[in-house]
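Encoded as structure tokens, the structure appears first; notes follow it.
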Amino acid sequence: MTETTVAVRFAAVGGIAPVTVGQRNVLRWLATDADPRSGTLPAFVPVPSGRSVGDLVPVVRELLVRNEALRTVFPAAGGQQVLATGSVRLQVHEVPGEDWRPEVAALVWAALRERFDLAAGPPVRGLVATRSGAPYLLVLLASHAALDAAAAAILAAQAGTLLAGGT
């Protein structure tokens, strides 16, 4: 299995605001939770055939621009800051074969162990599974500080719509 990394750069409107009560509660929970997997939500997005890894970059960029929560950091000094510029990492893994699900599950499980640095960078990253270089699955991993399970489902639906050529 080979791996490469693609950076998705974004530029949008930023801002600063106080944290909400809900955010404060989630940030406290994440700071004390020994298992980083419980604070990360995956959103699984099938990639239509005929798409390239390069086709995923503008889709992820659009999601970042539309959804400020995916660009929000929580500096140590307090408050929240919506980043105006930055980048998000997509790890691209060549996962060939008919029975690719166990390998993708292992990749996602491993990615869930990586904590987000919520003070420094966007609370989202992605995995892309490819076969012969063609993507077939995009997995967006987001901190619970950015979204809950319902929002992760909406994010996956938005990505699927954009990948299908919709708006």
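Ordering of the structure tokens sets the chain letters (A, B, ...), residue numbers begin anew at 1 in every chain, and ligands are numbered from 1 in the order given.
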Val95 of chain A environment, 9 Å, only C-alpha atoms, sequence neighbours closer than 2 positions dropped, as a PDB file with C-alpha atoms, in the first residue's frame:
```
ATOM      1  CA  MET A   1       0.000   0.000   0.000  1.00  0.00           C
ATOM      2  CA  THR A   2       1.503   3.338  -1.027  1.00  0.00           C
ATOM      3  CA  HIS A  93      -3.579   5.540   0.040  1.00  0.00           C
ATOM      4  CA  GLY A  97      -8.142  -5.444  -4.485  1.00  0.00           C
ATOM      5  CA  TRP A 100     -10.513  -3.355   0.287  1.00  0.00           C
ATOM      6  CA  GLU A 103      -7.548  -2.200   4.775  1.00  0.00           C
ATOM      7  CA  VAL A 104      -9.580   1.016   4.664  1.00  0.00           C
ATOM      8  CA  ALA A 129      -8.570   5.345  -0.899  1.00  0.00           C
ATOM      9  CA  THR A 130      -7.500   4.741  -4.503  1.00  0.00           C
ATOM     10  CA  ARG A 131      -7.268   1.780  -6.828  1.00  0.00           C
ATOM     11  CA  SER A 132      -4.837   2.152  -9.750  1.00  0.00           C
TER      12      SER A 132
END
```
For the contact check between segment 7-31 of chain A and segment 121-124 of chain A, emit one row per residue of segment 7-31 of chain A within 12 Å, containing the shortest atom pair and the distance in Å rounded to one decimal, counting only C-alpha atoms, chain then rising number order, as JSON lines.
```
{"residue": "A:Val8", "atom": "CA", "partner": "A:Val124", "partner_atom": "CA", "distance": 11.2}
{"residue": "A:Arg9", "atom": "CA", "partner": "A:Pro122", "partner_atom": "CA", "distance": 11.1}
{"residue": "A:Phe10", "atom": "CA", "partner": "A:Pro122", "partner_atom": "CA", "distance": 10.8}
```
Same residues, N, CA, C and O atoms, output as an mmCIF file, in the first residue's frame:
```
data_model
loop_
_atom_site.group_PDB
_atom_site.id
_atom_site.type_symbol
_atom_site.label_atom_id
_atom_site.label_comp_id
_atom_site.auth_asym_id
_atom_site.auth_seq_id
_atom_site.Cartn_x
_atom_site.Cartn_y
_atom_site.Cartn_z
ATOM 1 N N VAL A 8 -4.664 20.676 0.782
ATOM 2 C CA VAL A 8 -5.782 21.450 0.242
ATOM 3 C C VAL A 8 -5.729 22.825 0.899
ATOM 4 O O VAL A 8 -5.993 22.965 2.098
ATOM 5 N N ARG A 9 -5.366 23.816 0.125
ATOM 6 C CA ARG A 9 -5.254 25.184 0.636
ATOM 7 C C ARG A 9 -6.601 25.900 0.480
ATOM 8 O O ARG A 9 -7.320 25.668 -0.480
ATOM 9 N N PHE A 10 -6.906 26.756 1.448
ATOM 10 C CA PHE A 10 -8.156 27.502 1.397
ATOM 11 C C PHE A 10 -7.912 28.960 1.729
ATOM 12 O O PHE A 10 -6.928 29.314 2.378
#
```
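The list of residues with at least one atom within 7 Å of Leu112 of chain A, based on only C-alpha atoms and without residues fewer than 6 positions apart in the same chain, reads Pro36, Arg37 and Thr40 of chain A.
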key: Leu127 of chain A environment, 8 Å, only C-alpha atoms, sequence neighbours closer than 3 positions dropped, as a list in words   = Leu90, Gln91, Val92, His93, Val108, Leu138, Val139, Leu140 and Leu141 of chain A
For the selection just defined, write its residues with C-alpha atoms to a file, as a PDB file, in the first residue's frame.
```pdb
ATOM      1  CA  LEU A  90      -5.480  14.567   2.504  1.00  0.00           C
ATOM      2  CA  GLN A  91      -3.598  11.295   2.882  1.00  0.00           C
ATOM      3  CA  VAL A  92      -3.957   9.303  -0.314  1.00  0.00           C
ATOM      4  CA  HIS A  93      -3.579   5.540   0.040  1.00  0.00           C
ATOM      5  CA  VAL A 108      -9.413   4.955   9.420  1.00  0.00           C
ATOM      6  CA  LEU A 138     -13.042   9.954   0.642  1.00  0.00           C
ATOM      7  CA  VAL A 139     -13.096   9.876   4.433  1.00  0.00           C
ATOM      8  CA  LEU A 140     -13.247  13.234   6.160  1.00  0.00           C
ATOM      9  CA  LEU A 141     -12.184  13.072   9.812  1.00  0.00           C
TER      10      LEU A 141
END
```
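When DSSP reads the backbone of this structure, the residues of segment 35-83 of chain A it assigns to strand (DSSP E or B) are Thr40, Leu41, Pro42, Ala43, Phe44, Val45, Pro46, Thr72, Val73, Gln80, Gln81 and Val82 of chain A.
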Note to self: Among segment 65-160 of chain A, which residues does DSSP mark as alpha helix (DSSP H) when it is run on the backbone? Keep the chain and numbering as in the structure and answer as a VMD selection string.
What the structure shows: chain A and resid 65 to 66 101 to 112 149 to 160
Please produce an output containing N, CA, C and O atoms for each residue in the selection, written as a CSV table (one decimal), in the first residue's frame.
```csv
chain,number,residue,atom,x,y,z
A,65,VAL,N,-14.4,26.3,2.8
A,65,VAL,CA,-14.9,27.7,2.7
A,65,VAL,C,-16.3,27.8,3.2
A,65,VAL,O,-16.6,28.8,3.9
A,66,ARG,N,-17.2,26.9,2.9
A,66,ARG,CA,-18.6,27.0,3.3
A,66,ARG,C,-18.8,26.8,4.8
A,66,ARG,O,-19.7,27.3,5.3
A,101,ARG,N,-12.2,-3.3,2.0
A,101,ARG,CA,-12.8,-2.7,3.3
A,101,ARG,C,-11.9,-2.9,4.5
A,101,ARG,O,-11.8,-2.0,5.3
A,102,PRO,N,-11.3,-4.1,4.8
A,102,PRO,CA,-10.5,-4.3,6.0
A,102,PRO,C,-9.3,-3.3,6.0
A,102,PRO,O,-9.0,-2.8,7.0
A,103,GLU,N,-8.7,-3.1,4.8
A,103,GLU,CA,-7.5,-2.2,4.8
A,103,GLU,C,-8.0,-0.8,5.0
A,103,GLU,O,-7.3,0.0,5.7
A,104,VAL,N,-9.1,-0.3,4.4
A,104,VAL,CA,-9.6,1.0,4.7
A,104,VAL,C,-10.0,1.2,6.1
A,104,VAL,O,-9.7,2.2,6.7
A,105,ALA,N,-10.6,0.2,6.7
A,105,ALA,CA,-11.0,0.2,8.1
A,105,ALA,C,-9.8,0.4,9.0
A,105,ALA,O,-9.8,1.2,9.9
A,106,ALA,N,-8.7,-0.3,8.7
A,106,ALA,CA,-7.5,-0.2,9.4
A,106,ALA,C,-6.9,1.2,9.3
A,106,ALA,O,-6.4,1.8,10.3
A,107,LEU,N,-6.9,1.8,8.1
A,107,LEU,CA,-6.4,3.2,7.9
A,107,LEU,C,-7.2,4.2,8.7
A,107,LEU,O,-6.7,5.1,9.3
A,108,VAL,N,-8.6,4.0,8.7
A,108,VAL,CA,-9.4,5.0,9.4
A,108,VAL,C,-9.2,4.8,10.9
A,108,VAL,O,-9.0,5.8,11.7
A,109,TRP,N,-9.1,3.6,11.4
A,109,TRP,CA,-8.8,3.3,12.8
A,109,TRP,C,-7.5,3.9,13.2
A,109,TRP,O,-7.5,4.6,14.3
A,110,ALA,N,-6.5,3.8,12.4
A,110,ALA,CA,-5.2,4.4,12.7
A,110,ALA,C,-5.3,6.0,12.7
A,110,ALA,O,-4.7,6.6,13.6
A,111,ALA,N,-6.0,6.5,11.8
A,111,ALA,CA,-6.2,8.0,11.7
A,111,ALA,C,-7.0,8.5,12.9
A,111,ALA,O,-6.7,9.7,13.3
A,112,LEU,N,-7.9,7.8,13.4
A,112,LEU,CA,-8.7,8.2,14.5
A,112,LEU,C,-7.8,8.4,15.8
A,112,LEU,O,-8.1,9.1,16.7
A,149,ALA,N,-22.3,14.2,15.2
A,149,ALA,CA,-22.6,13.1,14.2
A,149,ALA,C,-23.6,13.6,13.1
A,149,ALA,O,-23.5,13.3,11.9
A,150,ALA,N,-24.6,14.4,13.5
A,150,ALA,CA,-25.6,14.9,12.5
A,150,ALA,C,-24.8,15.8,11.5
A,150,ALA,O,-25.1,15.7,10.3
A,151,ALA,N,-24.0,16.7,12.0
A,151,ALA,CA,-23.2,17.6,11.1
A,151,ALA,C,-22.2,16.8,10.2
A,151,ALA,O,-22.0,17.1,9.0
A,152,ALA,N,-21.7,15.7,10.7
A,152,ALA,CA,-20.8,14.8,9.9
A,152,ALA,C,-21.6,14.2,8.7
A,152,ALA,O,-21.1,14.1,7.6
A,153,ALA,N,-22.8,13.8,9.0
A,153,ALA,CA,-23.7,13.3,7.9
A,153,ALA,C,-24.0,14.4,6.9
A,153,ALA,O,-24.0,14.1,5.7
A,154,ILE,N,-24.2,15.6,7.3
A,154,ILE,CA,-24.5,16.7,6.4
A,154,ILE,C,-23.3,17.0,5.6
A,154,ILE,O,-23.3,17.2,4.4
A,155,LEU,N,-22.1,17.0,6.2
A,155,LEU,CA,-20.8,17.2,5.5
A,155,LEU,C,-20.6,16.1,4.4
A,155,LEU,O,-20.2,16.5,3.3
A,156,ALA,N,-20.9,14.9,4.7
A,156,ALA,CA,-20.7,13.8,3.8
A,156,ALA,C,-21.7,14.0,2.6
A,156,ALA,O,-21.3,13.8,1.4
A,157,ALA,N,-22.9,14.4,2.9
A,157,ALA,CA,-23.9,14.7,1.8
A,157,ALA,C,-23.5,15.8,1.0
A,157,ALA,O,-23.6,15.8,-0.3
A,158,GLN,N,-23.0,16.9,1.6
A,158,GLN,CA,-22.5,18.0,0.8
A,158,GLN,C,-21.3,17.6,-0.1
A,158,GLN,O,-21.3,18.0,-1.3
A,159,ALA,N,-20.4,16.8,0.4
A,159,ALA,CA,-19.3,16.4,-0.4
A,159,ALA,C,-19.7,15.5,-1.6
A,159,ALA,O,-19.3,15.6,-2.7
A,160,GLY,N,-20.7,14.6,-1.3
A,160,GLY,CA,-21.2,13.7,-2.3
A,160,GLY,C,-21.9,14.5,-3.4
A,160,GLY,O,-21.8,14.2,-4.6
```
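If only C-alpha atoms are the atoms counted, then among A:Leu70, A:Ala77, A:Ala120, A:Val6 the closest residue to Val53 of chain A is A:Val6.
Atom to atom, atom CA of Ala84 of chain A and atom CA of His144 of chain A stand 20.7 Å apart.
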